[in-house]
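What follows is one structure encoded as structure tokens, with my remarks underneath.
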Amino acid sequence: MKHRSHGILKGILVACIAMLLAMPGLTGTVDAQVRSDVRALLDEGINLFQQGKLDEARQSFERALLLDITSEEALDWVDKVGYGELISVIRAGDDTLSGQMGTLLRLTSLETKRRSMDEDAINSVLDTYFSDEDLLERTKLLYRAISDHGVYLLPGLVERLGQPEQKLRVLAIQAITRISDDAVLPLCRCLHASEQGVVMGAVAALQKIGHPVSVPSLRWLAESTGDPLVRSAANAAADAIIPGSSSREAYGLLTDQAHAFSIDGGKMVRTYHDPVVWMTDGGSLNWKSVEGWELNELRAEQFLADALSLNPSGAGAMALNACNQMARWSEYRDVSAVISNQVDAGDADESELSNLRGRELEMQRVRSSAYSMTPEVVDAAVEIALTDRRPQAAIELIKTLESFDYSSGTSAVPGSVIRALTYDHRGVRFAAAHAVAFMGAAPGFSNSDQVVPNLAEGLSDASRKVALTIFPDQDDALRVGSLLARANIESFNDEDPLRGLERAVSFPKHIIAISAETGDMPAGEVIARLRKDYRTRRTPILVFADQDSFSQAQQVYGDEESGVFVVNRAIDALRLRNDLLVGLLSDSDSSNGQAVAAMAAEALHRMSMPGGGFDLSGAVDGAIRALDDPSDAVRIPACHALANLRSAAASDALVRIVSEGDAASVDLREAALTALGNIHRGAGAGGVSPAVIDAVKGAMGSSEVALIQAASRAMGLIGN
């Protein structure tokens, strides 16, 4: 039995050796354009390898690399010889075959784990790696170092790429290619180095790794360099990775790459274990730690900067950059708000908030960068944000468009704002409607019927709560939406759980309701992702389950301490409201809703002024309801709008405000009196209700000069 086991292990080892020697990229292909002197050394090395003279073969291949550092075939043969020597050393060892097998597997498979950034430890291991002549020990050390430090080995390895000694450069490239895909983005930065050895070494390593993400940067190098050898090497590497790439324009490739990085969290941009951005300074590679929430955008900006260096007037790159930077700003603002709430609740340290506040000026500059763009570029940036489902960025960019000076006329409203009026995100719709109100759209504006409903929706935000629902079944979504509506909660459903997650973190919500059956993404994973994100970590989650699966769902998902509640789909609306929702929402902050309602009231006031071309009859009821809001920021502009609309239906609500006396501010009562005067202009004392006359006369006896004046004007407008 022992001999049989030994034979099996031996067979496995032979199979592994064959596999290693047959690995893609290790079999060396003949390149018709290889230089003749390099070709001769390669042929000599291959002949020696076939005779089993591994050490001599390796020397031939390394001499070939001395002549052409970008020769992929030479690199392949160096690797192949290295594996052959390694296996020979293992076979010659005293370890048992099973021990040898374990050594081989450990050396050829790396366990992913968090990487250490210890600079002293990294320098020590690299010094040993580049000085150790023992192949087996050096190889063991390399794989152990990659496992421990991973991509953070790169600055030291890149430093060796610039050294004149060829052996160091070859060893560095070999080590870099073992880091594989994780090395691609740092190597793309190395293409900006001033040291030719670093640049050529990076090109060789990128060609060897063969990841398509490196192609745009290789094309950038080819188009920006003045060195024909570098240009040729960069184009050859790009073609080796994706055939025909050397004929494609670098600007477009870089812009597309940046776009993909900015919106796709699964891209290589997230492969690192720590959020860092890589840069070069001369011939050195270095990195800086950044916040995880801005990692995608910062790396995308690097590619956009490369694109704009080739085409400074490139409208596509500028628009994407504006969208990208506004996304950074909105993320910063959301993070700051969440951390502030956590500090207030004792769940986070004050230092976290201090660090964020210390960056406020920097982030305000990031936000303001959009204002330096032309309206056409910002318009295009809004289109990108809408297409990419980045609602917060779209809202901020629409505010930027609103700040530009537009002349009256339908042409004054950009196409992106018109599109945003019917977007499926309420915040975007409202921002677009608010922008139209202040852009001076002419009476003939063809989309005017979409503006007022969006403002009316925003006007009701002060008292209404918001729920995001994720239900693949529309009947479920409608039923749950109806249940929530009984508790004054408006729901926004998304059938796709992944898209629902995007929306969950992109606008404020008070409740998140999901189905126990969420389709392709299990409910447990949806909950886990919501809890991992800082913006939804504390948002109550309701999981709706059928009667027959209710108990099981309660066991699997229910965790009231973390705010996850399992609800029976058949629950009565009143019971849901009284037993659960009232308690969950009792401490909900309404300041955001009041801010939106105040903006809506201001927009309605602007649109109601003489000369406006909008039919505002549909907003009157909302403006009247807004008078019951506790915030003057909502009530005063609502009074101004109603004064211009002159709707008699608002009289009772305005009288209530005036009658509040000192319980209402002087400014609010003044606005209400002005509105009453305008609404009943010329009606005469006998043409209005006695309550209106009593309220106005009562204000005339006030001790506040502003109220006496407002009441007097109102009485004068009403007439005797």
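Each chain of the structure tokens is named A, B, ... in the order shown, its residues numbered from 1; ligands are numbered from 1 in display order.
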Exercise. Compile the contact shell of region 428-434 of chain A as a PyMOL selection string: residues with an atom at most 7 Å away, counting only C-alpha atoms, same-chain residues fewer than 2 positions apart removed.
Key: chain A and resi 391+394-395+398+417+420-423+425-426+436-438+451+454-455+458+600+603
Once you have the residues from the selection above, write them out as a PDB file, in the first residue's frame, restricted to C-alpha atoms.
ATOM      1  CA  PRO A 391     -27.995  59.907  -9.303  1.00  0.00           C
ATOM      2  CA  ALA A 394     -26.358  63.872 -11.639  1.00  0.00           C
ATOM      3  CA  ILE A 395     -28.136  66.007  -9.020  1.00  0.00           C
ATOM      4  CA  ILE A 398     -27.722  69.682 -12.619  1.00  0.00           C
ATOM      5  CA  VAL A 417     -32.065  68.332 -17.837  1.00  0.00           C
ATOM      6  CA  ALA A 420     -33.750  64.072 -16.137  1.00  0.00           C
ATOM      7  CA  LEU A 421     -37.343  65.316 -15.742  1.00  0.00           C
ATOM      8  CA  THR A 422     -38.576  61.763 -16.374  1.00  0.00           C
ATOM      9  CA  TYR A 423     -35.705  59.860 -14.719  1.00  0.00           C
ATOM     10  CA  HIS A 425     -34.924  58.618  -9.378  1.00  0.00           C
ATOM     11  CA  ARG A 426     -37.092  61.171  -7.588  1.00  0.00           C
ATOM     12  CA  VAL A 436     -35.963  74.529 -15.136  1.00  0.00           C
ATOM     13  CA  ALA A 437     -37.749  76.864 -12.723  1.00  0.00           C
ATOM     14  CA  PHE A 438     -34.634  79.031 -12.432  1.00  0.00           C
ATOM     15  CA  VAL A 451     -41.956  70.249 -14.162  1.00  0.00           C
ATOM     16  CA  ASN A 454     -41.919  66.950  -9.797  1.00  0.00           C
ATOM     17  CA  LEU A 455     -41.901  70.119  -7.711  1.00  0.00           C
ATOM     18  CA  GLY A 458     -40.668  67.565  -3.620  1.00  0.00           C
ATOM     19  CA  ALA A 600     -39.655  73.265  -4.134  1.00  0.00           C
ATOM     20  CA  ALA A 603     -39.072  77.215  -7.257  1.00  0.00           C
TER      21      ALA A 603
END
Practice problem: Give me the residues within 12 Å of Glu165 (chain A) as an MDAnalysis selection string, counting only C-alpha atoms and dropping any in the same chain fewer than 2 places off. | Solution: chainID A and resid 62:63 65:66 130 159:163 167:172 197
Practice problem: Can you pull out every residue within 9 Å of region 647-649 of chain A, counting only C-alpha atoms, but drop anything in the same chain fewer than 2 positions away, and send it as a list in words? | Solution: Ser617, Val620, Asp621, Ile624, Leu642, Ala643, Asn644, Leu645, Ser651, Asp652, Ala653, Leu676, Ile679 and His680 of chain A
Once you have the residues from the selection above, write them out as a PDB file, in the first residue's frame, restricted to N, CA and C atoms.
ATOM      1  N   SER A 617     -51.599  75.186 -11.430  1.00  0.00           N
ATOM      2  CA  SER A 617     -52.803  74.810 -10.688  1.00  0.00           C
ATOM      3  C   SER A 617     -52.626  73.482  -9.953  1.00  0.00           C
ATOM      4  N   VAL A 620     -51.108  73.885  -6.263  1.00  0.00           N
ATOM      5  CA  VAL A 620     -51.745  74.695  -5.224  1.00  0.00           C
ATOM      6  C   VAL A 620     -51.998  73.887  -3.964  1.00  0.00           C
ATOM      7  N   ASP A 621     -52.573  72.693  -4.111  1.00  0.00           N
ATOM      8  CA  ASP A 621     -52.882  71.875  -2.934  1.00  0.00           C
ATOM      9  C   ASP A 621     -51.617  71.559  -2.142  1.00  0.00           C
ATOM     10  N   ILE A 624     -50.509  74.592  -0.196  1.00  0.00           N
ATOM     11  CA  ILE A 624     -51.355  74.816   0.983  1.00  0.00           C
ATOM     12  C   ILE A 624     -50.976  73.856   2.101  1.00  0.00           C
ATOM     13  N   LEU A 642     -48.210  81.213  -3.074  1.00  0.00           N
ATOM     14  CA  LEU A 642     -49.666  81.315  -3.007  1.00  0.00           C
ATOM     15  C   LEU A 642     -50.127  82.760  -3.224  1.00  0.00           C
ATOM     16  N   ALA A 643     -49.302  83.707  -2.800  1.00  0.00           N
ATOM     17  CA  ALA A 643     -49.639  85.114  -3.042  1.00  0.00           C
ATOM     18  C   ALA A 643     -49.717  85.393  -4.530  1.00  0.00           C
ATOM     19  N   ASN A 644     -48.790  84.813  -5.307  1.00  0.00           N
ATOM     20  CA  ASN A 644     -48.797  85.017  -6.755  1.00  0.00           C
ATOM     21  C   ASN A 644     -49.888  84.204  -7.444  1.00  0.00           C
ATOM     22  N   LEU A 645     -50.154  82.984  -6.912  1.00  0.00           N
ATOM     23  CA  LEU A 645     -51.166  82.126  -7.524  1.00  0.00           C
ATOM     24  C   LEU A 645     -52.585  82.618  -7.234  1.00  0.00           C
ATOM     25  N   SER A 651     -56.840  80.573   1.871  1.00  0.00           N
ATOM     26  CA  SER A 651     -57.159  81.580   2.896  1.00  0.00           C
ATOM     27  C   SER A 651     -57.159  81.015   4.305  1.00  0.00           C
ATOM     28  N   ASP A 652     -57.841  79.889   4.506  1.00  0.00           N
ATOM     29  CA  ASP A 652     -57.962  79.344   5.863  1.00  0.00           C
ATOM     30  C   ASP A 652     -56.588  79.030   6.464  1.00  0.00           C
ATOM     31  N   ALA A 653     -55.689  78.413   5.667  1.00  0.00           N
ATOM     32  CA  ALA A 653     -54.358  78.063   6.168  1.00  0.00           C
ATOM     33  C   ALA A 653     -53.550  79.317   6.485  1.00  0.00           C
ATOM     34  N   LEU A 676     -52.515  87.002   1.863  1.00  0.00           N
ATOM     35  CA  LEU A 676     -53.947  87.258   2.007  1.00  0.00           C
ATOM     36  C   LEU A 676     -54.364  88.508   1.234  1.00  0.00           C
ATOM     37  N   ILE A 679     -54.329  87.598  -2.563  1.00  0.00           N
ATOM     38  CA  ILE A 679     -55.380  86.653  -2.942  1.00  0.00           C
ATOM     39  C   ILE A 679     -56.737  87.355  -3.043  1.00  0.00           C
ATOM     40  N   HIS A 680     -56.988  88.271  -2.124  1.00  0.00           N
ATOM     41  CA  HIS A 680     -58.311  88.919  -2.078  1.00  0.00           C
ATOM     42  C   HIS A 680     -58.261  90.359  -2.594  1.00  0.00           C
TER      43      HIS A 680
END
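Counting only C-alpha atoms, the residue from A:Ser491, A:Asn568, A:Gln450, A:Gln50 that sits nearest to Val466 (chain A) is A:Ser491.
Residues in contact range of Gly282 (chain A), defined as at most 10 Å between only C-alpha atoms, with sequence neighbours fewer than 5 positions away removed, read Cys190, His192, Ala193, Ser194, Glu195 and Val198 of chain A.
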Writing out the chosen residues with N, CA and C atoms as a PDB file, in the first residue's frame:
ATOM      1  N   CYS A 190       4.217  53.038 -14.012  1.00  0.00           N
ATOM      2  CA  CYS A 190       5.656  53.030 -14.289  1.00  0.00           C
ATOM      3  C   CYS A 190       5.972  53.461 -15.718  1.00  0.00           C
ATOM      4  N   HIS A 192       5.147  56.038 -16.936  1.00  0.00           N
ATOM      5  CA  HIS A 192       5.375  57.477 -16.851  1.00  0.00           C
ATOM      6  C   HIS A 192       6.768  57.803 -16.305  1.00  0.00           C
ATOM      7  N   ALA A 193       7.533  56.791 -15.955  1.00  0.00           N
ATOM      8  CA  ALA A 193       8.838  57.021 -15.335  1.00  0.00           C
ATOM      9  C   ALA A 193       9.793  57.693 -16.318  1.00  0.00           C
ATOM     10  N   SER A 194      10.786  58.393 -15.760  1.00  0.00           N
ATOM     11  CA  SER A 194      11.785  59.049 -16.602  1.00  0.00           C
ATOM     12  C   SER A 194      12.958  58.123 -16.916  1.00  0.00           C
ATOM     13  N   GLU A 195      13.111  57.044 -16.156  1.00  0.00           N
ATOM     14  CA  GLU A 195      14.190  56.078 -16.385  1.00  0.00           C
ATOM     15  C   GLU A 195      13.784  55.103 -17.488  1.00  0.00           C
ATOM     16  N   VAL A 198      13.328  51.460 -16.391  1.00  0.00           N
ATOM     17  CA  VAL A 198      12.063  51.198 -15.688  1.00  0.00           C
ATOM     18  C   VAL A 198      10.926  51.071 -16.692  1.00  0.00           C
TER      19      VAL A 198
END
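Between CA of Ser448 (chain A) and CA of His605 (chain A) the separation is 15.6 Å.
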Practice problem: List every residue of region 679-715 of chain A that DSSP, applied to the backbone of this structure, places in helix (DSSP H, G or I), and write the result as a PyMOL selection string. | Solution: chain A and resi 679+685-687+690-700+705-715
Exercise. Pick out the residues sitting within 10 Å of region 556-565 of chain A, and hand them over as a count of residues only; count only C-alpha atoms, and ignore anything fewer than 4 positions along from it in its own chain.
Key: 20
Who sits within 6 Å of region 627-636 of chain A, only C-alpha atoms, same chain under 3 positions skipped, as a compact mmCIF listing (two decimals) with C-alpha atoms, in the first residue's frame:
# COMPACT_ATOMS: atom_id res chain seq x y z
CA ALA A 597 -39.61 71.04 0.32
CA ALA A 598 -38.11 74.50 0.87
CA ILE A 624 -51.35 74.82 0.98
CA CYS A 639 -46.77 81.87 1.20
CA LEU A 668 -43.77 84.09 8.45
Quiz prompt | Shell of 9 Å around Glu383 (chain A), only C-alpha atoms, local chain residues under 2 positions omitted, as a PyMOL selection string | solution = chain A and resi 378-381+385-388+394+415-417+419-420
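Nearest residue to Glu331 (chain A), choosing from A:Glu249, A:Gly701, A:Leu468, A:Asp533 and counting only C-alpha atoms: A:Asp533.
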Quiz item: Which residues in region 474-696 of chain A does DSSP call strand (DSSP E or B)? List them as a PyMOL selection string.
Solution: chain A and resi 489-494+511-515+541-545+559+564-568
Exercise. Using only C-alpha atoms, find the one residue out of A:Ala183, A:Ala205, A:Ala305, A:Ala337 that sits nearest to Asp76 (chain A).
Key: A:Ala205
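Candidate residues A:Leu48, A:Ala307, A:Val276, A:Cys188 were compared for distance to Ser224 (chain A), and the nearest is A:Ala307, using only C-alpha atoms.
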